[in-house]
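Raw query25.txt, compact mmCIF, C-alpha atoms:
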```
# COMPACT_ATOMS: atom_id res chain seq x y z
CA MET A 1 4.88 1.51 -22.58
CA THR A 2 5.56 4.95 -21.12
CA ALA A 3 8.16 6.84 -23.14
CA GLN A 4 11.30 7.96 -21.35
CA LEU A 5 10.63 11.25 -19.62
CA HIS A 6 13.14 14.06 -19.41
CA TYR A 7 13.63 16.81 -16.85
CA THR A 8 13.37 19.94 -18.97
CA PRO A 9 13.57 23.58 -17.88
CA GLU A 10 9.80 23.87 -18.47
CA ILE A 11 9.07 20.91 -16.19
CA ALA A 12 11.42 22.36 -13.60
CA ARG A 13 9.44 25.61 -13.72
CA GLN A 14 6.06 23.85 -13.53
CA THR A 15 7.00 21.68 -10.57
CA ARG A 16 9.11 24.16 -8.61
CA PRO A 17 6.27 25.18 -6.23
CA ILE A 18 5.71 21.51 -5.35
CA TYR A 19 9.40 20.94 -4.74
CA GLU A 20 9.77 23.99 -2.52
CA SER A 21 7.38 22.38 -0.03
CA LEU A 22 9.27 19.06 -0.20
CA ARG A 23 12.80 20.42 -0.08
CA HIS A 24 13.60 19.09 3.39
CA VAL A 25 12.33 15.56 2.72
CA ILE A 26 13.43 14.98 -0.90
CA PRO A 27 17.01 15.84 -1.99
CA GLU A 28 17.13 18.12 -5.02
CA VAL A 29 19.25 15.57 -6.89
CA GLU A 30 16.21 13.21 -6.82
CA TRP A 31 13.71 15.79 -8.03
CA GLY A 32 14.84 15.51 -11.64
CA VAL A 33 13.65 11.89 -11.60
CA HIS A 34 10.26 12.58 -10.01
CA ALA A 35 9.30 15.88 -11.64
CA PRO A 36 8.68 14.67 -15.22
CA TYR A 37 6.24 12.02 -13.95
CA ILE A 38 4.50 14.49 -11.65
CA ALA A 39 4.00 16.93 -14.52
CA ALA A 40 2.74 14.22 -16.88
CA ILE A 41 0.35 12.70 -14.32
CA ASN A 42 -1.14 16.04 -13.31
CA LYS A 43 -1.70 16.97 -16.97
CA LEU A 44 -3.22 13.62 -17.94
CA LYS A 45 -5.59 13.33 -14.98
CA ARG A 46 -7.11 16.72 -15.82
CA GLU A 47 -7.65 15.65 -19.42
CA MET A 48 -9.27 12.36 -18.34
CA ASN A 49 -11.40 13.76 -15.48
CA ALA A 50 -9.58 11.42 -13.12
CA VAL A 51 -8.85 11.85 -9.42
CA LEU A 52 -6.02 10.31 -7.44
CA LEU A 53 -6.89 9.10 -3.94
CA VAL A 54 -3.63 8.80 -2.03
CA HIS A 55 -3.20 7.06 1.31
CA ASN A 56 -1.10 8.55 4.11
CA TYR A 57 1.51 5.80 3.68
CA GLN A 58 2.53 6.78 0.16
CA THR A 59 5.90 8.42 -0.45
CA PRO A 60 6.10 12.25 -0.43
CA GLU A 61 6.50 12.68 -4.19
CA ILE A 62 3.15 10.88 -4.63
CA PHE A 63 1.42 12.25 -1.54
CA HIS A 64 2.31 15.89 -2.18
CA GLY A 65 3.05 15.73 -5.90
CA VAL A 66 0.01 14.20 -7.61
CA ALA A 67 -2.74 13.57 -5.03
CA ASP A 68 -6.17 15.12 -5.38
CA TYR A 69 -7.24 13.75 -2.01
CA THR A 70 -5.12 12.32 0.79
CA GLY A 71 -6.10 10.57 3.98
CA ASP A 72 -6.70 7.37 5.87
CA SER A 73 -9.07 4.62 4.76
CA LEU A 74 -12.13 6.47 6.08
CA GLY A 75 -11.17 9.76 4.45
CA LEU A 76 -10.51 8.14 1.09
CA ALA A 77 -13.79 6.22 1.27
CA ARG A 78 -15.64 9.49 1.85
CA GLN A 79 -13.90 11.12 -1.11
CA ALA A 80 -14.67 8.17 -3.36
CA ALA A 81 -18.34 8.40 -2.44
CA GLU A 82 -18.47 12.12 -3.18
CA THR A 83 -16.30 12.56 -6.28
CA ASP A 84 -17.83 13.48 -9.64
CA ALA A 85 -14.75 12.27 -11.54
CA ASP A 86 -15.12 9.60 -14.22
CA ILE A 87 -12.01 7.71 -13.12
CA ILE A 88 -10.64 7.00 -9.65
CA VAL A 89 -6.99 5.98 -9.35
CA GLN A 90 -6.47 4.38 -5.95
CA CYS A 91 -2.93 5.02 -4.75
CA GLY A 92 -3.14 2.64 -1.87
CA VAL A 93 -3.74 -1.09 -1.64
CA HIS A 94 -6.24 -3.39 -3.29
CA PHE A 95 -8.94 -3.40 -0.59
CA MET A 96 -9.07 0.40 -0.80
CA ALA A 97 -9.63 0.21 -4.56
CA GLU A 98 -12.39 -2.33 -3.97
CA THR A 99 -13.98 0.02 -1.43
CA SER A 100 -13.97 2.80 -4.04
CA LYS A 101 -15.60 0.47 -6.55
CA ILE A 102 -18.17 -0.67 -3.96
CA LEU A 103 -19.17 2.95 -3.35
CA CYS A 104 -18.94 3.98 -7.01
CA PRO A 105 -20.02 0.96 -9.08
CA ASP A 106 -20.57 3.05 -12.21
CA LYS A 107 -17.10 4.63 -12.17
CA THR A 108 -13.83 3.25 -13.51
CA VAL A 109 -11.54 2.42 -10.58
CA LEU A 110 -7.87 1.75 -11.29
CA ILE A 111 -5.01 0.52 -9.12
CA PRO A 112 -1.48 0.94 -10.48
CA ASP A 113 -0.32 -2.49 -9.23
CA LEU A 114 -2.62 -5.46 -8.65
CA GLU A 115 -0.09 -6.98 -6.23
CA ALA A 116 -0.52 -4.11 -3.75
CA GLY A 117 -2.24 -6.20 -1.10
CA CYS A 118 -2.61 -6.24 2.69
CA SER A 119 -1.76 -8.84 5.33
CA LEU A 120 -4.97 -8.06 7.18
CA ALA A 121 -7.15 -8.47 4.11
CA ALA A 122 -5.36 -11.73 3.30
CA SER A 123 -5.97 -13.11 6.80
CA ILE A 124 -9.71 -13.75 6.38
CA THR A 125 -12.25 -14.76 3.73
CA GLY A 126 -15.97 -14.47 3.31
CA ALA A 127 -16.22 -18.20 4.08
CA ASP A 128 -14.47 -17.60 7.40
CA VAL A 129 -17.03 -14.95 8.32
CA ARG A 130 -19.93 -17.24 7.41
CA LEU A 131 -18.54 -19.91 9.73
CA LEU A 132 -18.24 -17.39 12.56
CA LYS A 133 -21.83 -16.29 12.01
CA GLU A 134 -22.95 -19.91 12.25
CA ARG A 135 -20.99 -20.34 15.46
CA PHE A 136 -22.31 -17.12 17.00
CA PRO A 137 -25.83 -16.71 15.56
CA GLY A 138 -27.34 -13.27 15.87
CA VAL A 139 -24.09 -11.57 16.93
CA PRO A 140 -23.45 -8.56 14.68
CA VAL A 141 -20.26 -8.50 12.60
CA VAL A 142 -18.06 -5.39 12.64
CA THR A 143 -15.41 -5.56 9.95
CA TYR A 144 -12.34 -3.39 9.61
CA VAL A 145 -12.15 -1.75 6.17
CA ASN A 146 -8.82 -3.55 5.65
CA THR A 147 -10.73 -6.49 4.18
CA SER A 148 -11.89 -7.80 0.82
CA ALA A 149 -15.28 -7.05 -0.71
CA ASP A 150 -16.33 -10.65 0.02
CA VAL A 151 -15.70 -10.13 3.74
CA LYS A 152 -17.46 -6.78 3.79
CA ALA A 153 -20.45 -8.41 2.09
CA GLU A 154 -20.80 -10.78 5.07
CA SER A 155 -20.66 -7.93 7.58
CA ASP A 156 -23.23 -5.75 9.28
CA ILE A 157 -21.05 -2.65 9.41
CA CYS A 158 -17.48 -1.64 8.65
CA CYS A 159 -15.11 0.47 10.73
CA THR A 160 -11.71 2.11 10.57
CA SER A 161 -9.13 2.50 13.32
CA GLY A 162 -10.39 6.03 13.84
CA ASN A 163 -14.04 5.16 14.45
CA ALA A 164 -13.94 1.54 15.65
CA VAL A 165 -14.95 2.29 19.25
CA ARG A 166 -17.81 4.54 18.09
CA ILE A 167 -19.01 1.93 15.59
CA VAL A 168 -19.00 -0.89 18.14
CA GLU A 169 -20.88 1.18 20.71
CA SER A 170 -23.39 2.41 18.10
CA LEU A 171 -24.83 -1.09 17.78
CA GLY A 172 -26.20 -1.05 21.32
CA VAL A 173 -25.38 -4.71 21.99
CA ASP A 174 -23.29 -6.55 24.57
CA ARG A 175 -21.32 -8.68 22.13
CA VAL A 176 -19.93 -8.28 18.59
CA ILE A 177 -17.73 -10.21 16.20
CA PHE A 178 -14.81 -7.87 15.40
CA LEU A 179 -12.65 -8.73 12.38
CA PRO A 180 -9.86 -9.23 11.43
CA ASP A 181 -7.22 -7.18 13.32
CA ASN A 182 -6.55 -8.82 16.67
CA TYR A 183 -4.53 -5.95 18.09
CA LEU A 184 -7.03 -3.28 17.04
CA GLY A 185 -9.77 -5.46 18.51
CA ARG A 186 -7.95 -5.74 21.83
CA TYR A 187 -7.50 -1.97 21.88
CA VAL A 188 -11.21 -1.41 21.17
CA ALA A 189 -12.20 -3.95 23.82
CA ALA A 190 -10.22 -1.98 26.40
CA GLN A 191 -12.13 1.21 25.49
CA THR A 192 -15.65 -0.21 25.72
CA GLY A 193 -17.72 -2.57 27.82
CA VAL A 194 -18.79 -4.58 24.77
CA GLU A 195 -17.44 -8.13 24.52
CA LEU A 196 -15.49 -8.61 21.28
CA ILE A 197 -15.05 -11.95 19.53
CA LEU A 198 -11.71 -11.51 17.76
CA TRP A 199 -9.88 -12.95 14.78
CA HIS A 200 -6.14 -13.65 14.47
CA GLY A 201 -5.17 -11.13 11.77
CA THR A 202 -2.36 -8.60 12.21
CA CYS A 203 -0.71 -5.87 10.14
CA GLU A 204 2.75 -6.97 9.03
CA VAL A 205 4.06 -3.42 9.53
CA HIS A 206 2.63 -2.61 12.96
CA GLU A 207 3.13 -6.03 14.52
CA ARG A 208 6.92 -5.59 14.29
CA PHE A 209 7.05 -2.73 16.80
CA THR A 210 7.78 -3.55 20.44
CA GLY A 211 7.41 -1.79 23.77
CA ALA A 212 11.16 -2.20 24.32
CA GLU A 213 11.80 -0.28 21.10
CA LEU A 214 9.70 2.61 22.38
CA ARG A 215 11.51 2.64 25.72
CA ASP A 216 14.77 2.83 23.80
CA TYR A 217 13.53 5.90 21.92
CA ARG A 218 12.88 7.64 25.23
CA LYS A 219 16.40 6.83 26.44
CA ARG A 220 18.06 8.02 23.25
CA TRP A 221 16.03 11.21 22.65
CA GLU A 222 15.18 13.32 25.66
CA GLY A 223 11.63 14.64 25.76
CA ILE A 224 10.45 12.66 22.74
CA GLN A 225 6.71 12.17 22.31
CA VAL A 226 5.59 8.73 21.17
CA ILE A 227 2.36 8.34 19.20
CA ALA A 228 1.20 4.95 17.94
CA HIS A 229 -1.35 3.33 15.68
CA PRO A 230 -3.82 0.95 17.41
CA GLU A 231 -2.82 -1.89 15.05
CA CYS A 232 0.34 -2.17 17.19
CA PRO A 233 0.74 -4.82 19.93
CA PRO A 234 -0.56 -3.97 23.43
CA ASP A 235 2.91 -3.44 24.96
CA VAL A 236 3.53 -0.73 22.33
CA LEU A 237 0.27 1.05 23.06
CA GLU A 238 1.00 0.97 26.81
CA GLU A 239 4.23 2.89 26.18
CA ALA A 240 2.69 5.49 23.85
CA ASP A 241 1.74 9.05 24.79
CA PHE A 242 -1.10 8.97 22.27
CA VAL A 243 -2.86 6.20 20.34
CA GLY A 244 -4.87 6.97 17.22
CA SER A 245 -5.56 6.43 13.55
CA THR A 246 -3.30 7.95 10.94
CA LYS A 247 -5.59 10.99 10.79
CA GLY A 248 -5.67 11.12 14.58
CA MET A 249 -1.88 11.08 14.70
CA ILE A 250 -1.62 13.90 12.17
CA ASP A 251 -4.18 15.96 14.10
CA TRP A 252 -2.30 15.30 17.36
CA VAL A 253 0.95 16.65 15.89
CA GLY A 254 -0.89 19.70 14.59
CA ASP A 255 -2.55 20.37 17.93
CA HIS A 256 0.49 19.77 20.16
CA ARG A 257 3.43 20.77 17.92
CA PRO A 258 5.93 18.69 19.93
CA ASN A 259 9.62 19.52 19.63
CA ARG A 260 10.40 15.89 18.84
CA VAL A 261 8.09 13.00 17.98
CA VAL A 262 8.18 9.43 16.77
CA MET A 263 5.17 8.10 14.87
CA ILE A 264 4.85 4.36 15.42
CA THR A 265 3.40 3.44 12.04
CA GLU A 266 4.52 3.11 8.41
CA CYS A 267 7.54 5.33 7.99
CA SER A 268 6.55 7.31 4.88
CA MET A 269 3.85 8.95 6.94
CA SER A 270 6.50 10.77 8.98
CA ASP A 271 7.94 12.23 5.78
CA ASN A 272 4.51 13.42 4.66
CA VAL A 273 3.60 14.99 7.99
CA ALA A 274 7.05 16.60 8.28
CA VAL A 275 6.24 18.63 5.16
CA GLU A 276 3.30 20.21 7.02
CA PHE A 277 5.20 20.76 10.28
CA PRO A 278 8.84 21.54 9.45
CA GLU A 279 9.48 22.89 12.94
CA VAL A 280 8.87 19.43 14.47
CA GLU A 281 11.74 16.95 14.57
CA PHE A 282 10.52 13.53 13.43
CA ILE A 283 12.44 10.44 14.50
CA ARG A 284 11.68 7.87 11.82
CA PRO A 285 11.26 4.18 12.62
CA CYS A 286 11.60 2.73 9.14
CA ASN A 287 9.01 -0.03 9.01
CA LEU A 288 7.90 0.07 5.39
CA CYS A 289 4.73 -1.46 3.95
CA PRO A 290 5.92 -3.49 0.95
CA HIS A 291 2.45 -3.31 -0.58
CA MET A 292 2.10 0.48 -0.41
CA LYS A 293 5.56 0.80 -1.93
CA ARG A 294 4.42 -1.06 -5.04
CA ILE A 295 2.65 2.19 -6.02
CA THR A 296 5.09 4.44 -7.88
CA LEU A 297 4.92 7.50 -10.09
CA PRO A 298 5.75 5.47 -13.25
CA ASN A 299 3.00 2.93 -12.67
CA ILE A 300 0.49 5.66 -11.76
CA LEU A 301 1.22 7.27 -15.12
CA ARG A 302 0.94 3.91 -16.86
CA ALA A 303 -2.41 3.26 -15.15
CA LEU A 304 -3.76 6.52 -16.56
CA GLU A 305 -2.32 6.00 -20.03
CA THR A 306 -3.60 2.43 -20.40
CA ARG A 307 -6.54 2.47 -17.94
CA THR A 308 -5.06 -0.44 -16.01
CA HIS A 309 -5.50 -2.18 -13.75
CA GLU A 310 -9.26 -1.85 -13.53
CA VAL A 311 -10.84 -3.15 -10.33
CA HIS A 312 -14.10 -5.09 -10.54
CA VAL A 313 -16.49 -6.24 -7.82
CA ALA A 314 -19.36 -8.62 -8.60
CA PRO A 315 -22.62 -6.62 -8.49
CA GLU A 316 -24.32 -8.76 -5.84
CA THR A 317 -21.20 -8.76 -3.63
CA GLY A 318 -20.77 -5.04 -4.15
CA ALA A 319 -24.37 -4.27 -3.19
CA ARG A 320 -24.10 -6.25 0.06
CA ALA A 321 -20.69 -4.79 0.89
CA ARG A 322 -21.95 -1.28 0.14
CA ARG A 323 -24.59 -1.58 2.86
CA ALA A 324 -21.85 -2.28 5.43
CA VAL A 325 -19.64 0.58 4.23
CA GLU A 326 -22.52 3.06 4.03
CA ALA A 327 -23.64 2.02 7.53
CA MET A 328 -20.18 3.02 8.73
CA LEU A 329 -20.27 6.34 6.91
CA ALA A 330 -23.66 7.10 8.44
CA VAL A 331 -22.23 6.69 11.94
CA ALA A 332 -18.81 8.21 11.31
```
Write out the structure in this file as structure tokens.
Amino acid sequence: MTAQLHYTPEIARQTRPIYESLRHVIPEVEWGVHAPYIAAINKLKREMNAVLLVHNYQTPEIFHGVADYTGDSLGLARQAAETDADIIVQCGVHFMAETSKILCPDKTVLIPDLEAGCSLAASITGADVRLLKERFPGVPVVTYVNTSADVKAESDICCTSGNAVRIVESLGVDRVIFLPDNYLGRYVAAQTGVELILWHGTCEVHERFTGAELRDYRKRWEGIQVIAHPECPPDVLEEADFVGSTKGMIDWVGDHRPNRVVMITECSMSDNVAVEFPEVEFIRPCNLCPHMKRITLPNILRALETRTHEVHVAPETGARARRAVEAMLAVA
């Protein structure tokens, strides 16, 4: 068990530069709780030659306090493939940790909470994909990275929300099986002439947004810009000023510097982006991902101290899944 940590003057001094950048998203009264864990994690990861891969949906004290690399699923996959660290701590959800293990089978990959899952990954199995391949013989399978290793192993190529259109078009065919996000698939289908055979999976965070909610934002906040993730329903995307992956949304804010913006995605991302662009007013729709929020500073520290929970992928499954992930990286 992790010993009780105390906020000492030395820890306050060590972590002050981090807090100065987070001042307008984390109240100072909370910093005394976070800072001892941040100091301990940053010290221990250096000693262990460990890196922390942190997804855009993590809370600011994790995202800005202890991350070595931050990004969307594609960005974190790239960093996993390139790191020379001995240990990867995946501060995201389980399929992301599996992807790191698929790309780095000889490294130790840890996830702070094994229950950090994903509604999309849970919506489909490798057996489901095999049945689809029997039903549509010869049709290539494009699988969103938000899937298990077993599903990736049955796929021809993976994609993310940021490169899905490019991946589909790279195959040079008229028809593909696109799994498992139905809303992302419908968005991709509208951007390309390729016929997509879709699955019924959805993201439990993004599916809750509605077009009416976006129209209400425009009524309540004059001049607001609305940017949305393509995992949202079609009526949401029709109302948005920009549609893109989490990286695409961050880049859009950086390029356009709107006076006021609402990011239609998991709400911690607004806090993280607000740190980079303090002059932009972020209206925060608070749809939280319960799985991402299972990752905390205390259980990150515990993962490092005890080397738990280690993620394993069967070698044969990992080898087949790696071909699909590497095919994506070669295109992207």
Near stretch 182-195 of chain A, counting all atoms listed in the file, which residues have an atom at most 10 Å away, once you skip same-chain residues fewer than 5 positions from it, shown as a VMD selection string?
chain A and resid 120 144 160 to 161 163 to 166 168 to 169 171 to 177 200 to 203 206 to 207 229 to 234 237 243
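For the residues A:Val129, A:Val262, A:Leu110, A:Leu196, ranking by smallest atom-to-atom distance to A:Ala228 using all atoms listed in the file places A:Val262 first.
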Residues within 7 Å of (-24.9, -4.6, 5.3), file coordinates, counting all atoms listed in the file: what are they? Give the list as a ChimeraX atom specification.
/A:153,155-157,320-324
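Closest to A:Val253 among A:Asp68, A:Asp113, A:Asp241, A:Glu310 is A:Asp241, based on all atoms listed in the file.
The gap separating atom CA of A:Val273 from atom CA of A:Leu5 is 28.7 Å, in Å to one decimal.
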Polymer residues at most 12 Å from (6.3, 13.5, 7.0) by only C-alpha atoms, as a ChimeraX atom specification:
/A:21-26,56-61,63-64,246,249-250,253,261-263,265-285
From atom CA of A:Cys91 to atom CA of A:Thr210 the spacing works out at 28.7 Å
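Across the model, the gap from atom CA of A:Met96 to atom CA of A:Arg46 is 22.3 Å.
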Between A:Ser245, A:Thr143, A:Ser170, A:Asn287, which is the closest to A:Val205 once you count all atoms listed in the file?
A:Asn287
Determine, counting all atoms listed in the file, which protein, DNA and RNA residues have an atom within 6 Å of an atom of stretch 294-305 of chain A; residues of the same chain fewer than 5 positions away are not included. Present the result as a count of residues only.
3
So, with only C-alpha atoms as the atoms that count, which of A:Glu316, A:Glu10, A:Asp216, A:Glu20 lies closest to A:Asp150?
A:Glu316
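Minimum atom-to-atom distances from A:Ala40, A:Leu52, A:Ile264, A:Ala77 to A:Gln4 were compared using all atoms listed in the file, and the lowest value belongs to A:Ala40.
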Pick out the closest residue to A:Leu179 from this set: A:Val226, A:Val331, A:Ala97, A:Ala121. Count only C-alpha atoms.
A:Ala121
Missing atoms in stretch 246-268 of chain A: fill them in up to N, CA, C and O atoms and send the result as a tab-separated table (two decimals), in the frame of the given file.
```tsv
chain	number	residue	atom	x	y	z
A	246	THR	N	-4.26	7.09	11.61
A	246	THR	CA	-3.30	7.95	10.94
A	246	THR	C	-3.78	9.40	10.95
A	246	THR	O	-2.99	10.32	11.19
A	247	LYS	N	-5.07	9.63	10.71
A	247	LYS	CA	-5.59	10.99	10.79
A	247	LYS	C	-5.48	11.53	12.21
A	247	LYS	O	-5.11	12.69	12.42
A	248	GLY	N	-5.79	10.69	13.19
A	248	GLY	CA	-5.67	11.12	14.58
A	248	GLY	C	-4.25	11.51	14.95
A	248	GLY	O	-4.03	12.48	15.69
A	249	MET	N	-3.28	10.77	14.42
A	249	MET	CA	-1.88	11.08	14.70
A	249	MET	C	-1.47	12.41	14.07
A	249	MET	O	-0.79	13.23	14.69
A	250	ILE	N	-1.92	12.63	12.84
A	250	ILE	CA	-1.62	13.90	12.17
A	250	ILE	C	-2.25	15.06	12.94
A	250	ILE	O	-1.60	16.09	13.18
A	251	ASP	N	-3.50	14.91	13.34
A	251	ASP	CA	-4.18	15.96	14.10
A	251	ASP	C	-3.47	16.22	15.42
A	251	ASP	O	-3.36	17.38	15.86
A	252	TRP	N	-2.98	15.14	16.07
A	252	TRP	CA	-2.30	15.30	17.36
A	252	TRP	C	-1.03	16.14	17.19
A	252	TRP	O	-0.75	17.04	17.99
A	253	VAL	N	-0.26	15.86	16.14
A	253	VAL	CA	0.95	16.65	15.89
A	253	VAL	C	0.59	18.11	15.65
A	253	VAL	O	1.23	19.03	16.17
A	254	GLY	N	-0.48	18.33	14.86
A	254	GLY	CA	-0.89	19.70	14.59
A	254	GLY	C	-1.36	20.44	15.81
A	254	GLY	O	-1.10	21.64	15.96
A	255	ASP	N	-2.03	19.74	16.72
A	255	ASP	CA	-2.55	20.37	17.93
A	255	ASP	C	-1.45	20.63	18.96
A	255	ASP	O	-1.48	21.64	19.68
A	256	HIS	N	-0.49	19.70	19.07
A	256	HIS	CA	0.49	19.77	20.16
A	256	HIS	C	1.84	20.34	19.73
A	256	HIS	O	2.59	20.82	20.58
A	257	ARG	N	2.16	20.26	18.44
A	257	ARG	CA	3.43	20.77	17.92
A	257	ARG	C	4.61	20.39	18.82
A	257	ARG	O	5.34	21.25	19.33
A	258	PRO	N	4.83	19.09	19.04
A	258	PRO	CA	5.93	18.69	19.93
A	258	PRO	C	7.28	19.06	19.31
A	258	PRO	O	7.42	19.18	18.09
A	259	ASN	N	8.28	19.23	20.15
A	259	ASN	CA	9.62	19.52	19.63
A	259	ASN	C	10.17	18.31	18.89
A	259	ASN	O	10.88	18.45	17.88
A	260	ARG	N	9.86	17.12	19.41
A	260	ARG	CA	10.40	15.89	18.84
A	260	ARG	C	9.37	14.79	19.00
A	260	ARG	O	8.78	14.65	20.07
A	261	VAL	N	9.13	14.02	17.93
A	261	VAL	CA	8.09	13.00	17.98
A	261	VAL	C	8.51	11.79	17.17
A	261	VAL	O	9.26	11.91	16.20
A	262	VAL	N	8.04	10.63	17.58
A	262	VAL	CA	8.18	9.43	16.77
A	262	VAL	C	6.79	8.88	16.52
A	262	VAL	O	6.00	8.71	17.45
A	263	MET	N	6.48	8.62	15.25
A	263	MET	CA	5.17	8.10	14.87
A	263	MET	C	5.33	6.59	14.64
A	263	MET	O	6.02	6.17	13.70
A	264	ILE	N	4.69	5.81	15.49
A	264	ILE	CA	4.85	4.36	15.42
A	264	ILE	C	3.82	3.82	14.42
A	264	ILE	O	2.72	3.38	14.76
A	265	THR	N	4.24	3.89	13.16
A	265	THR	CA	3.40	3.44	12.04
A	265	THR	C	4.30	3.35	10.82
A	265	THR	O	5.54	3.42	10.94
A	266	GLU	N	3.73	3.20	9.64
A	266	GLU	CA	4.52	3.11	8.41
A	266	GLU	C	5.34	4.37	8.22
A	266	GLU	O	4.85	5.48	8.40
A	267	CYS	N	6.62	4.20	7.83
A	267	CYS	CA	7.54	5.33	7.99
A	267	CYS	C	7.35	6.45	6.97
A	267	CYS	O	7.73	7.59	7.24
A	268	SER	N	6.76	6.21	5.81
A	268	SER	CA	6.55	7.31	4.88
A	268	SER	C	5.62	8.37	5.44
A	268	SER	O	5.68	9.53	5.04
```
